[in-house]
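Beneath this line is the structure, given in structure tokens, with notes to follow.
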Protein chains: 2
Amino acid sequence: MRYSPEHKAQSHEKILSVAARSFRERGGDTSGIGTVMKKVGLKKGGFYRHFKSKDDLFIEAVGRALDETGRGMAEAAKSSPEGQALRAIIERYLSVAHANSPGSGCVRAALGPELARKPLAVRRRIEVLLAAYRERFLPFMPGKTIEEKRTKIRLLFPSMAGVLMMARVVSDPQRREQILMEARKFFIKSFAEK
Amino acid sequence: MRYSPEHKAQSHEKILSVAARSFRERGGDTSGIGTVMKKVGLKKGGFYRHFKSKDDLFIEAVGRALDETGRGMAEAAKSSPEGQALRAIIERYLSVAHANSPGSGCVRAALGPELARKPLAVRRRIEVLLAAYRERFLPFMPGKTIEEKRTKIRLLFPSMAGVLMMARVVSDPQRREQILMEARKFFIKSFAEK
DNA sequence: AGGGTAAGAGGACGGTCGTACTCTTAATTC
DNA sequence: GAATTAAGAGTACGACCGTCCTCTTACCCT
């Protein structure tokens, strides 16, 4: 049956947010359209009224995830004590909470290698989304020129993503916490001090 | 038909090395047993004479990959000029060649998030393999105590893996090269100097 | 008020997946 | 040299996959 435009917008929205979580939790290949739609409360038959392909959904979900996590981190930075913004970002990114909830966390740490394997056309659209994410953090980075700041962002986030990703492999919570703590110390010293 | 023990060992070996490459290139979920066996030159029917499950193959393939890449990197370190071992390791890890050939490269950068999603029993066996990999690099790390060296290794490799993984998303070869260069500079300064 | 339109259900499609089974046949063992 | 054993082929299984198509039905527009 037909539904109102607002109803459709809500469905679209719901699919997107469920997919953004499901992809990060289970991986894009392991998380099927049917599963996503079921969690939304719909059947998979209606999927193609909202997205023209799974890759399309994937890209939009990545964008959504980047937007949410980027916003959250930027807000944490803004509400931190004077001069402590970058430190707050690093501490939040490398927190136990972030390590324990990949479904609402950073796309890089959850889907990095998968992004690299996507066809060129998909990858290019994702690059744009990643670039937008990075721009958000310009105000919080030290450096004389904008390019210097950009360079630091391009280094900091992937590095932290790698640490977070590998911390998630560690099964013992205490060792996981310890690794994250050591990493926080290192990145704060390397990027947020001096 | 029945084959000689040496023949079987060769088949086992072949399956393992093909799988280690295929998993890193396409991801574990996307790379099926049928595809692997076909590339070996066998049919999938014989697979379970060699491995008791796909997870079993996955773990052994990860071990194989870690062993190969670890050995290669340790050799590069040993054959480097006096006092330049760690620099050589970093330069090799963050090389364009490594970024362009995930199938023969680091497991973390190729399969990291996937490892984190595996069931606990699998993850634990992989942790052992990762620990063995790290031990290899103890001789090349600066630091007063062994624990200090271990901490640096636990930080350096995941960080570099994150950078490598995200460099692979970048479609433009020049930008990719630039990112790797900046990262080499950073990690050498942070870990191999002073 | 009635006709066009579209969201979503339902199902079919061809494909791939991991696993388990039987069968063939040659190497190994006695 | 006959009996045993086991590698690999072949096949079947149930499940899931992304995509596409048709059908129903309620909303929207005139």
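So you can find residues: chains in the structure tokens are A, B, ... in the order shown, residues in each start at 1, and ligands are numbered from 1 in order.
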
Using only C-alpha atoms (C1' of nucleotides), determine which residues lie at most 12 Å from B:Asp55, disregarding the query and same-chain residues fewer than 2 positions distant; provide the list as a list in words. Ala19, Phe23, Gly28, Asp29, Gly32, Ile33, Tyr48, Phe51, Lys52, Ser53, Leu57, Phe58, Ile59, Glu60, Ala61, Val62, Glu114, Leu115, Lys118, Pro119, Leu120, Ala121, Val122, Arg123, Arg125 and Ile126 of chain B; DG18 of chain C

Report the closest atom pair, with its distance in Å rounded to one decimal, for each residue of chain A that has an atom no farther than 6 Å from chain B; count only C-alpha atoms, sort by chain and then rising residue number, and write it as JSON lines.
```
{"residue": "A:Ala110", "atom": "CA", "partner": "B:Pro113", "partner_atom": "CA", "distance": 5.4}
{"residue": "A:Pro113", "atom": "CA", "partner": "B:Ala110", "partner_atom": "CA", "distance": 5.4}
{"residue": "A:Ala116", "atom": "CA", "partner": "B:Val169", "partner_atom": "CA", "distance": 4.3}
{"residue": "A:Pro158", "atom": "CA", "partner": "B:Gly162", "partner_atom": "CA", "distance": 4.8}
{"residue": "A:Ser159", "atom": "CA", "partner": "B:Ser159", "partner_atom": "CA", "distance": 4.1}
{"residue": "A:Ala161", "atom": "CA", "partner": "B:Gly162", "partner_atom": "CA", "distance": 5.6}
{"residue": "A:Gly162", "atom": "CA", "partner": "B:Gly162", "partner_atom": "CA", "distance": 3.7}
{"residue": "A:Val163", "atom": "CA", "partner": "B:Pro158", "partner_atom": "CA", "distance": 4.9}
{"residue": "A:Met165", "atom": "CA", "partner": "B:Pro113", "partner_atom": "CA", "distance": 5.9}
{"residue": "A:Arg168", "atom": "CA", "partner": "B:Ala116", "partner_atom": "CA", "distance": 5.3}
{"residue": "A:Val169", "atom": "CA", "partner": "B:Ala116", "partner_atom": "CA", "distance": 4.3}
```

Excluding same-chain residues fewer than 6 positions from C:DC23, what lies within 12 Å of it counting only C-alpha atoms (C1' of nucleotides), as a PDB file with C-alpha atoms (C1' of nucleotides), in the first residue's frame?
```
ATOM      1  CA  MET B   1      42.061 -42.142  -5.308  1.00  0.00           C
ATOM      2  CA  GLY B  45      35.033 -32.001  -2.176  1.00  0.00           C
TER       3      GLY B  45
ATOM      4  C1'  DG D   8      40.055 -36.276  -3.877  1.00  0.00           C
ATOM      5  C1'  DA D   9      35.763 -36.064  -7.065  1.00  0.00           C
ATOM      6  C1'  DG D  10      31.186 -35.506  -7.210  1.00  0.00           C
ATOM      7  C1'  DT D  11      26.954 -34.377  -5.412  1.00  0.00           C
TER       8       DT D  11
END
```

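With only C-alpha atoms as the basis for measurement, A:Gly105 is the residue among A:Gly46, A:Gly105, A:Gly72, A:Pro81 that approaches A:Ser22 most closely.
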
Taking a cut-off of 12 Å and counting only C-alpha atoms (C1' of nucleotides), can you build a table that, for each residue of chain D near chain A, reports the nearest atom pair and how far apart they are in Å (one decimal), sorted by chain then residue number, as CSV?
```
residue,atom,partner,partner_atom,distance
D:DC16,C1',A:Gly32,CA,8.7
D:DC17,C1',A:Gly32,CA,7.2
D:DG18,C1',A:Lys54,CA,7.6
D:DT19,C1',A:Ser53,CA,8.5
D:DC20,C1',A:Tyr48,CA,9.4
D:DC21,C1',A:Gly45,CA,10.2
D:DT22,C1',A:Gly45,CA,11.2
D:DC23,C1',A:Met1,CA,9.9
D:DT24,C1',A:Met1,CA,6.3
D:DT25,C1',A:Met1,CA,4.1
D:DA26,C1',A:Arg2,CA,5.0
D:DC27,C1',A:Arg2,CA,5.7
D:DC28,C1',A:Ser4,CA,8.6
```

Measuring atom to atom with only C-alpha atoms (C1' of nucleotides), identify which of C:DT5, C:DT28, C:DT16, C:DT22 is nearest to chain A.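 Among the listed residues, the smallest separation from chain A belongs to C:DT5.
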
What are the nearest atom pairs, with distances in Å to one decimal, for all residues of chain C that come at most 8 Å from chain A, using only C-alpha atoms (C1' of nucleotides), set out by chain and rising residue number as a Markdown table?
```
| residue | atom | partner | partner_atom | distance |
| --- | --- | --- | --- | --- |
| C:DA6 | C1' | A:Arg2 | CA | 5.6 |
| C:DA7 | C1' | A:Arg2 | CA | 4.6 |
| C:DG8 | C1' | A:Gly46 | CA | 5.0 |
| C:DA9 | C1' | A:Gly45 | CA | 6.4 |
| C:DG10 | C1' | A:Gly45 | CA | 7.3 |
```

Can you work out which one of D:DG1, D:DA15, D:DA7, D:DT30 has the shortest atom-to-atom distance to C:DA1, counting only C-alpha atoms (C1' of nucleotides)?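 For C:DA1, the nearest of the given residues is D:DT30.
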
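Between atom CA of A:Ile89 and atom CA of A:Ala74 the separation is 7.5 Å.
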
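In this model, the gap between atom CA of B:Gln84 and atom CA of B:Glu135 comes to 18.7 Å.
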
Residues of chain B in alpha helix (DSSP H) according to DSSP, as a tab-separated table (two decimals) with N, CA and C atoms, in the first residue's frame?
```
chain	number	residue	atom	x	y	z
B	5	PRO	N	51.83	-39.59	1.11
B	5	PRO	CA	51.89	-38.58	2.18
B	5	PRO	C	52.53	-37.28	1.72
B	6	GLU	N	53.56	-37.39	0.88
B	6	GLU	CA	54.20	-36.15	0.41
B	6	GLU	C	53.24	-35.36	-0.46
B	7	HIS	N	52.49	-36.09	-1.27
B	7	HIS	CA	51.49	-35.45	-2.11
B	7	HIS	C	50.47	-34.70	-1.25
B	8	LYS	N	50.03	-35.35	-0.20
B	8	LYS	CA	49.05	-34.71	0.67
B	8	LYS	C	49.63	-33.46	1.33
B	9	ALA	N	50.87	-33.58	1.79
B	9	ALA	CA	51.52	-32.43	2.42
B	9	ALA	C	51.61	-31.27	1.44
B	10	GLN	N	51.88	-31.58	0.20
B	10	GLN	CA	51.96	-30.54	-0.83
B	10	GLN	C	50.60	-29.86	-1.04
B	11	SER	N	49.56	-30.68	-1.09
B	11	SER	CA	48.21	-30.13	-1.25
B	11	SER	C	47.85	-29.23	-0.08
B	12	HIS	N	48.11	-29.71	1.11
B	12	HIS	CA	47.84	-28.95	2.33
B	12	HIS	C	48.55	-27.59	2.27
B	13	GLU	N	49.79	-27.67	1.94
B	13	GLU	CA	50.64	-26.49	1.80
B	13	GLU	C	50.06	-25.50	0.78
B	14	LYS	N	49.66	-26.05	-0.34
B	14	LYS	CA	49.14	-25.23	-1.43
B	14	LYS	C	47.84	-24.54	-1.01
B	15	ILE	N	46.97	-25.30	-0.38
B	15	ILE	CA	45.70	-24.73	0.08
B	15	ILE	C	45.96	-23.58	1.05
B	16	LEU	N	46.91	-23.81	1.94
B	16	LEU	CA	47.21	-22.81	2.95
B	16	LEU	C	47.73	-21.52	2.34
B	17	SER	N	48.64	-21.65	1.39
B	17	SER	CA	49.24	-20.43	0.84
B	17	SER	C	48.27	-19.70	-0.08
B	18	VAL	N	47.47	-20.45	-0.79
B	18	VAL	CA	46.45	-19.82	-1.63
B	18	VAL	C	45.42	-19.11	-0.74
B	19	ALA	N	45.01	-19.77	0.33
B	19	ALA	CA	44.03	-19.18	1.24
B	19	ALA	C	44.59	-17.92	1.91
B	20	ALA	N	45.84	-17.99	2.33
B	20	ALA	CA	46.45	-16.84	3.00
B	20	ALA	C	46.43	-15.62	2.09
B	21	ARG	N	46.66	-15.85	0.82
B	21	ARG	CA	46.62	-14.75	-0.14
B	21	ARG	C	45.19	-14.31	-0.42
B	22	SER	N	44.33	-15.28	-0.68
B	22	SER	CA	42.96	-14.98	-1.07
B	22	SER	C	42.19	-14.26	0.04
B	23	PHE	N	42.36	-14.72	1.27
B	23	PHE	CA	41.69	-14.07	2.40
B	23	PHE	C	42.12	-12.62	2.52
B	24	ARG	N	43.42	-12.38	2.40
B	24	ARG	CA	43.90	-11.00	2.53
B	24	ARG	C	43.44	-10.13	1.37
B	25	GLU	N	43.35	-10.72	0.19
B	25	GLU	CA	42.94	-9.92	-0.98
B	25	GLU	C	41.45	-9.63	-1.00
B	26	ARG	N	40.64	-10.63	-0.67
B	26	ARG	CA	39.19	-10.48	-0.82
B	26	ARG	C	38.43	-10.43	0.49
B	33	ILE	N	35.57	-21.42	0.18
B	33	ILE	CA	36.36	-22.64	0.08
B	33	ILE	C	36.44	-23.11	-1.37
B	34	GLY	N	35.33	-23.04	-2.07
B	34	GLY	CA	35.30	-23.45	-3.47
B	34	GLY	C	36.29	-22.69	-4.32
B	35	THR	N	36.32	-21.38	-4.13
B	35	THR	CA	37.22	-20.53	-4.90
B	35	THR	C	38.68	-20.86	-4.59
B	36	VAL	N	38.97	-21.01	-3.31
B	36	VAL	CA	40.34	-21.33	-2.90
B	36	VAL	C	40.78	-22.66	-3.52
B	37	MET	N	39.94	-23.67	-3.38
B	37	MET	CA	40.29	-25.00	-3.89
B	37	MET	C	40.46	-24.98	-5.41
B	38	LYS	N	39.64	-24.22	-6.08
B	38	LYS	CA	39.75	-24.13	-7.53
B	38	LYS	C	41.10	-23.54	-7.93
B	39	LYS	N	41.52	-22.52	-7.16
B	39	LYS	CA	42.81	-21.90	-7.48
B	39	LYS	C	43.98	-22.83	-7.17
B	40	VAL	N	43.75	-23.75	-6.24
B	40	VAL	CA	44.78	-24.74	-5.93
B	40	VAL	C	44.85	-25.78	-7.05
B	54	LYS	N	36.17	-24.10	7.99
B	54	LYS	CA	36.72	-22.91	7.35
B	54	LYS	C	37.44	-22.03	8.37
B	55	ASP	N	36.89	-21.94	9.56
B	55	ASP	CA	37.56	-21.18	10.62
B	55	ASP	C	38.94	-21.74	10.89
B	56	ASP	N	39.03	-23.06	10.83
B	56	ASP	CA	40.32	-23.72	11.04
B	56	ASP	C	41.32	-23.29	9.97
B	57	LEU	N	40.87	-23.32	8.73
B	57	LEU	CA	41.72	-22.85	7.64
B	57	LEU	C	42.08	-21.39	7.83
B	58	PHE	N	41.10	-20.61	8.24
B	58	PHE	CA	41.31	-19.18	8.43
B	58	PHE	C	42.43	-18.93	9.43
B	59	ILE	N	42.34	-19.61	10.55
B	59	ILE	CA	43.36	-19.43	11.59
B	59	ILE	C	44.74	-19.83	11.09
B	60	GLU	N	44.80	-20.98	10.45
B	60	GLU	CA	46.10	-21.43	9.94
B	60	GLU	C	46.63	-20.49	8.87
B	61	ALA	N	45.73	-19.95	8.06
B	61	ALA	CA	46.15	-19.02	7.01
B	61	ALA	C	46.66	-17.72	7.61
B	62	VAL	N	46.01	-17.27	8.67
B	62	VAL	CA	46.48	-16.07	9.35
B	62	VAL	C	47.87	-16.31	9.94
B	63	GLY	N	48.04	-17.47	10.52
B	63	GLY	CA	49.34	-17.83	11.07
B	63	GLY	C	50.41	-17.87	9.99
B	64	ARG	N	50.07	-18.46	8.91
B	64	ARG	CA	51.00	-18.52	7.79
B	64	ARG	C	51.38	-17.12	7.29
B	65	ALA	N	50.37	-16.29	7.14
B	65	ALA	CA	50.60	-14.92	6.65
B	65	ALA	C	51.46	-14.13	7.63
B	66	LEU	N	51.17	-14.25	8.91
B	66	LEU	CA	51.96	-13.54	9.92
B	66	LEU	C	53.40	-14.01	9.90
B	67	ASP	N	53.56	-15.31	9.73
B	67	ASP	CA	54.90	-15.86	9.72
B	67	ASP	C	55.70	-15.34	8.53
B	68	GLU	N	55.07	-15.34	7.36
B	68	GLU	CA	55.76	-14.88	6.16
B	68	GLU	C	56.13	-13.40	6.22
B	69	THR	N	55.13	-12.59	6.58
B	69	THR	CA	55.41	-11.15	6.60
B	69	THR	C	56.37	-10.79	7.73
B	70	GLY	N	56.23	-11.47	8.86
B	70	GLY	CA	57.13	-11.23	9.98
B	70	GLY	C	58.56	-11.59	9.62
B	71	ARG	N	58.72	-12.74	8.98
B	71	ARG	CA	60.04	-13.18	8.57
B	71	ARG	C	60.67	-12.19	7.59
B	72	GLY	N	59.88	-11.79	6.59
B	72	GLY	CA	60.37	-10.85	5.59
B	72	GLY	C	60.84	-9.55	6.22
B	73	MET	N	60.07	-9.06	7.16
B	73	MET	CA	60.40	-7.79	7.78
B	73	MET	C	61.62	-7.92	8.69
B	74	ALA	N	61.71	-9.01	9.41
B	74	ALA	CA	62.85	-9.24	10.29
B	74	ALA	C	64.13	-9.38	9.48
B	75	GLU	N	64.03	-10.01	8.32
B	75	GLU	CA	65.20	-10.15	7.46
B	75	GLU	C	65.65	-8.80	6.90
B	76	ALA	N	64.66	-8.00	6.52
B	76	ALA	CA	65.00	-6.66	6.03
B	76	ALA	C	65.70	-5.86	7.13
B	77	ALA	N	65.26	-6.09	8.36
B	77	ALA	CA	65.87	-5.38	9.49
B	77	ALA	C	67.32	-5.83	9.70
B	78	LYS	N	67.51	-7.12	9.62
B	78	LYS	CA	68.86	-7.67	9.87
B	78	LYS	C	69.85	-7.26	8.81
B	85	ALA	N	67.87	-0.69	11.85
B	85	ALA	CA	66.93	-1.80	11.71
B	85	ALA	C	65.48	-1.35	11.80
B	86	LEU	N	65.16	-0.59	12.84
B	86	LEU	CA	63.77	-0.19	13.03
B	86	LEU	C	63.30	0.74	11.92
B	87	ARG	N	64.20	1.61	11.50
B	87	ARG	CA	63.89	2.48	10.37
B	87	ARG	C	63.56	1.65	9.13
B	88	ALA	N	64.34	0.61	8.91
B	88	ALA	CA	64.11	-0.26	7.75
B	88	ALA	C	62.76	-0.95	7.84
B	89	ILE	N	62.41	-1.38	9.03
B	89	ILE	CA	61.11	-2.02	9.24
B	89	ILE	C	59.97	-1.06	8.91
B	90	ILE	N	60.05	0.12	9.44
B	90	ILE	CA	59.01	1.12	9.21
B	90	ILE	C	58.90	1.48	7.73
B	91	GLU	N	60.05	1.64	7.09
B	91	GLU	CA	60.04	2.00	5.67
B	91	GLU	C	59.46	0.89	4.81
B	92	ARG	N	59.76	-0.33	5.22
B	92	ARG	CA	59.22	-1.46	4.46
B	92	ARG	C	57.71	-1.59	4.67
B	93	TYR	N	57.30	-1.47	5.93
B	93	TYR	CA	55.87	-1.62	6.23
B	93	TYR	C	55.05	-0.55	5.53
B	96	VAL	N	55.00	1.84	-0.65
B	96	VAL	CA	53.97	1.78	-1.67
B	96	VAL	C	53.74	0.33	-2.08
B	97	ALA	N	54.82	-0.42	-2.17
B	97	ALA	CA	54.71	-1.84	-2.56
B	97	ALA	C	53.80	-2.60	-1.62
B	98	HIS	N	53.96	-2.36	-0.31
B	98	HIS	CA	53.12	-3.03	0.67
B	98	HIS	C	51.66	-2.60	0.51
B	99	ALA	N	51.45	-1.32	0.31
B	99	ALA	CA	50.08	-0.81	0.15
B	99	ALA	C	49.41	-1.40	-1.09
B	100	ASN	N	50.20	-1.64	-2.13
B	100	ASN	CA	49.63	-2.11	-3.39
B	100	ASN	C	49.50	-3.63	-3.48
B	107	VAL	N	48.54	-8.93	7.89
B	107	VAL	CA	47.21	-9.43	8.21
B	107	VAL	C	46.35	-8.36	8.88
B	108	ARG	N	46.98	-7.58	9.75
B	108	ARG	CA	46.20	-6.57	10.48
B	108	ARG	C	45.53	-5.59	9.54
B	109	ALA	N	46.31	-5.08	8.58
B	109	ALA	CA	45.79	-4.08	7.66
B	109	ALA	C	44.77	-4.68	6.69
B	110	ALA	N	44.85	-5.97	6.46
B	110	ALA	CA	43.95	-6.61	5.49
B	110	ALA	C	42.71	-7.22	6.13
B	111	LEU	N	42.84	-7.67	7.38
B	111	LEU	CA	41.75	-8.42	8.00
B	111	LEU	C	41.39	-7.96	9.41
B	112	GLY	N	41.99	-6.88	9.86
B	112	GLY	CA	41.83	-6.44	11.24
B	112	GLY	C	40.43	-6.51	11.81
B	113	PRO	N	39.46	-5.79	11.25
B	113	PRO	CA	38.12	-5.79	11.83
B	113	PRO	C	37.47	-7.16	11.81
B	114	GLU	N	37.82	-7.93	10.80
B	114	GLU	CA	37.29	-9.28	10.70
B	114	GLU	C	37.78	-10.15	11.85
B	115	LEU	N	39.03	-10.00	12.21
B	115	LEU	CA	39.58	-10.74	13.34
B	115	LEU	C	38.80	-10.41	14.61
B	116	ALA	N	38.48	-9.14	14.76
B	116	ALA	CA	37.78	-8.68	15.96
B	116	ALA	C	36.37	-9.26	16.05
B	117	ARG	N	35.80	-9.62	14.92
B	117	ARG	CA	34.41	-10.13	14.89
B	117	ARG	C	34.33	-11.64	15.06
B	120	LEU	N	35.02	-15.95	20.11
B	120	LEU	CA	36.08	-15.90	21.11
B	120	LEU	C	37.14	-16.98	20.94
B	121	ALA	N	36.70	-18.20	20.69
B	121	ALA	CA	37.64	-19.32	20.57
B	121	ALA	C	38.63	-19.08	19.43
B	122	VAL	N	38.12	-18.55	18.32
B	122	VAL	CA	38.98	-18.25	17.18
B	122	VAL	C	39.92	-17.10	17.51
B	123	ARG	N	39.37	-16.09	18.15
B	123	ARG	CA	40.15	-14.90	18.47
B	123	ARG	C	41.32	-15.24	19.38
B	124	ARG	N	41.05	-16.12	20.29
B	124	ARG	CA	42.12	-16.48	21.23
B	124	ARG	C	43.29	-17.14	20.51
B	125	ARG	N	42.99	-17.99	19.58
B	125	ARG	CA	44.07	-18.64	18.83
B	125	ARG	C	44.83	-17.63	17.98
B	126	ILE	N	44.11	-16.63	17.49
B	126	ILE	CA	44.77	-15.60	16.67
B	126	ILE	C	45.65	-14.71	17.54
B	127	GLU	N	45.20	-14.46	18.76
B	127	GLU	CA	46.02	-13.66	19.68
B	127	GLU	C	47.38	-14.29	19.90
B	128	VAL	N	47.40	-15.60	20.00
B	128	VAL	CA	48.66	-16.32	20.19
B	128	VAL	C	49.58	-16.08	18.99
B	129	LEU	N	49.00	-16.15	17.81
B	129	LEU	CA	49.80	-15.94	16.60
B	129	LEU	C	50.34	-14.52	16.53
B	130	LEU	N	49.51	-13.58	16.92
B	130	LEU	CA	49.94	-12.18	16.91
B	130	LEU	C	51.06	-11.95	17.93
B	131	ALA	N	50.95	-12.60	19.07
B	131	ALA	CA	51.98	-12.45	20.10
B	131	ALA	C	53.31	-12.99	19.59
B	132	ALA	N	53.25	-14.12	18.89
B	132	ALA	CA	54.48	-14.70	18.33
B	132	ALA	C	55.11	-13.76	17.31
B	133	TYR	N	54.24	-13.15	16.52
B	133	TYR	CA	54.71	-12.17	15.53
B	133	TYR	C	55.45	-11.04	16.22
B	134	ARG	N	54.88	-10.53	17.28
B	134	ARG	CA	55.49	-9.38	17.96
B	134	ARG	C	56.84	-9.73	18.58
B	135	GLU	N	56.96	-10.93	19.10
B	135	GLU	CA	58.21	-11.33	19.75
B	135	GLU	C	59.40	-11.22	18.80
B	146	ILE	N	62.31	-5.19	28.70
B	146	ILE	CA	61.58	-5.94	27.66
B	146	ILE	C	60.15	-5.46	27.58
B	147	GLU	N	59.56	-5.17	28.74
B	147	GLU	CA	58.17	-4.72	28.73
B	147	GLU	C	58.01	-3.40	28.00
B	148	GLU	N	59.00	-2.56	28.14
B	148	GLU	CA	58.97	-1.28	27.43
B	148	GLU	C	59.02	-1.52	25.91
B	149	LYS	N	59.85	-2.46	25.51
B	149	LYS	CA	59.93	-2.80	24.09
B	149	LYS	C	58.62	-3.38	23.59
B	150	ARG	N	58.07	-4.27	24.39
B	150	ARG	CA	56.80	-4.88	24.01
B	150	ARG	C	55.71	-3.83	23.84
B	151	THR	N	55.67	-2.89	24.75
B	151	THR	CA	54.67	-1.83	24.67
B	151	THR	C	54.81	-1.05	23.37
B	152	LYS	N	56.04	-0.76	23.00
B	152	LYS	CA	56.25	-0.01	21.76
B	152	LYS	C	55.81	-0.79	20.53
B	153	ILE	N	56.09	-2.09	20.56
B	153	ILE	CA	55.67	-2.93	19.43
B	153	ILE	C	54.15	-2.98	19.33
B	154	ARG	N	53.50	-3.11	20.49
B	154	ARG	CA	52.03	-3.17	20.52
B	154	ARG	C	51.40	-1.87	20.02
B	155	LEU	N	52.16	-0.82	20.04
B	155	LEU	CA	51.68	0.48	19.60
B	155	LEU	C	52.02	0.74	18.15
B	156	LEU	N	53.25	0.42	17.80
B	156	LEU	CA	53.76	0.74	16.46
B	156	LEU	C	53.04	-0.01	15.35
B	157	PHE	N	52.92	-1.34	15.50
B	157	PHE	CA	52.35	-2.11	14.40
B	157	PHE	C	50.87	-1.84	14.14
B	158	PRO	N	50.04	-1.82	15.17
B	158	PRO	CA	48.64	-1.46	14.90
B	158	PRO	C	48.50	-0.05	14.32
B	159	SER	N	49.29	0.88	14.79
B	159	SER	CA	49.22	2.25	14.25
B	159	SER	C	49.58	2.26	12.77
B	160	MET	N	50.67	1.61	12.45
B	160	MET	CA	51.07	1.56	11.04
B	160	MET	C	50.04	0.81	10.20
B	161	ALA	N	49.46	-0.23	10.78
B	161	ALA	CA	48.42	-0.99	10.06
B	161	ALA	C	47.24	-0.09	9.72
B	162	GLY	N	46.85	0.76	10.65
B	162	GLY	CA	45.75	1.68	10.41
B	162	GLY	C	46.05	2.63	9.27
B	163	VAL	N	47.26	3.15	9.27
B	163	VAL	CA	47.66	4.07	8.20
B	163	VAL	C	47.68	3.36	6.86
B	164	LEU	N	48.27	2.19	6.84
B	164	LEU	CA	48.36	1.41	5.60
B	164	LEU	C	46.97	1.08	5.07
B	165	MET	N	46.11	0.63	5.96
B	165	MET	CA	44.74	0.28	5.61
B	165	MET	C	43.99	1.47	5.00
B	166	MET	N	44.13	2.63	5.60
B	166	MET	CA	43.43	3.80	5.06
B	166	MET	C	44.11	4.36	3.82
B	167	ALA	N	45.41	4.15	3.71
B	167	ALA	CA	46.11	4.58	2.48
B	167	ALA	C	45.58	3.78	1.29
B	173	PRO	N	47.14	7.47	-6.71
B	173	PRO	CA	48.44	6.91	-6.31
B	173	PRO	C	49.38	7.94	-5.70
B	174	GLN	N	49.33	9.14	-6.18
B	174	GLN	CA	50.23	10.17	-5.66
B	174	GLN	C	49.86	10.56	-4.24
B	175	ARG	N	48.57	10.70	-4.01
B	175	ARG	CA	48.13	11.04	-2.65
B	175	ARG	C	48.43	9.88	-1.70
B	176	ARG	N	48.24	8.68	-2.20
B	176	ARG	CA	48.54	7.50	-1.39
B	176	ARG	C	50.02	7.50	-1.00
B	177	GLU	N	50.85	7.73	-1.98
B	177	GLU	CA	52.29	7.77	-1.73
B	177	GLU	C	52.65	8.87	-0.72
B	178	GLN	N	52.01	9.99	-0.87
B	178	GLN	CA	52.29	11.11	0.02
B	178	GLN	C	51.93	10.79	1.47
B	179	ILE	N	50.78	10.19	1.64
B	179	ILE	CA	50.34	9.82	2.98
B	179	ILE	C	51.31	8.84	3.63
B	180	LEU	N	51.75	7.87	2.84
B	180	LEU	CA	52.70	6.88	3.35
B	180	LEU	C	54.01	7.55	3.73
B	181	MET	N	54.42	8.50	2.92
B	181	MET	CA	55.68	9.20	3.19
B	181	MET	C	55.60	9.99	4.49
B	182	GLU	N	54.51	10.70	4.65
B	182	GLU	CA	54.32	11.47	5.89
B	182	GLU	C	54.31	10.54	7.10
B	183	ALA	N	53.68	9.40	6.93
B	183	ALA	CA	53.59	8.44	8.03
B	183	ALA	C	54.97	7.85	8.36
B	184	ARG	N	55.72	7.53	7.33
B	184	ARG	CA	57.08	7.01	7.56
B	184	ARG	C	57.88	8.00	8.39
B	185	LYS	N	57.77	9.24	7.99
B	185	LYS	CA	58.51	10.29	8.69
B	185	LYS	C	58.10	10.34	10.16
B	186	PHE	N	56.83	10.32	10.38
B	186	PHE	CA	56.31	10.39	11.75
B	186	PHE	C	56.75	9.21	12.61
B	187	PHE	N	56.59	8.02	12.10
B	187	PHE	CA	56.89	6.83	12.91
B	187	PHE	C	58.39	6.66	13.13
```
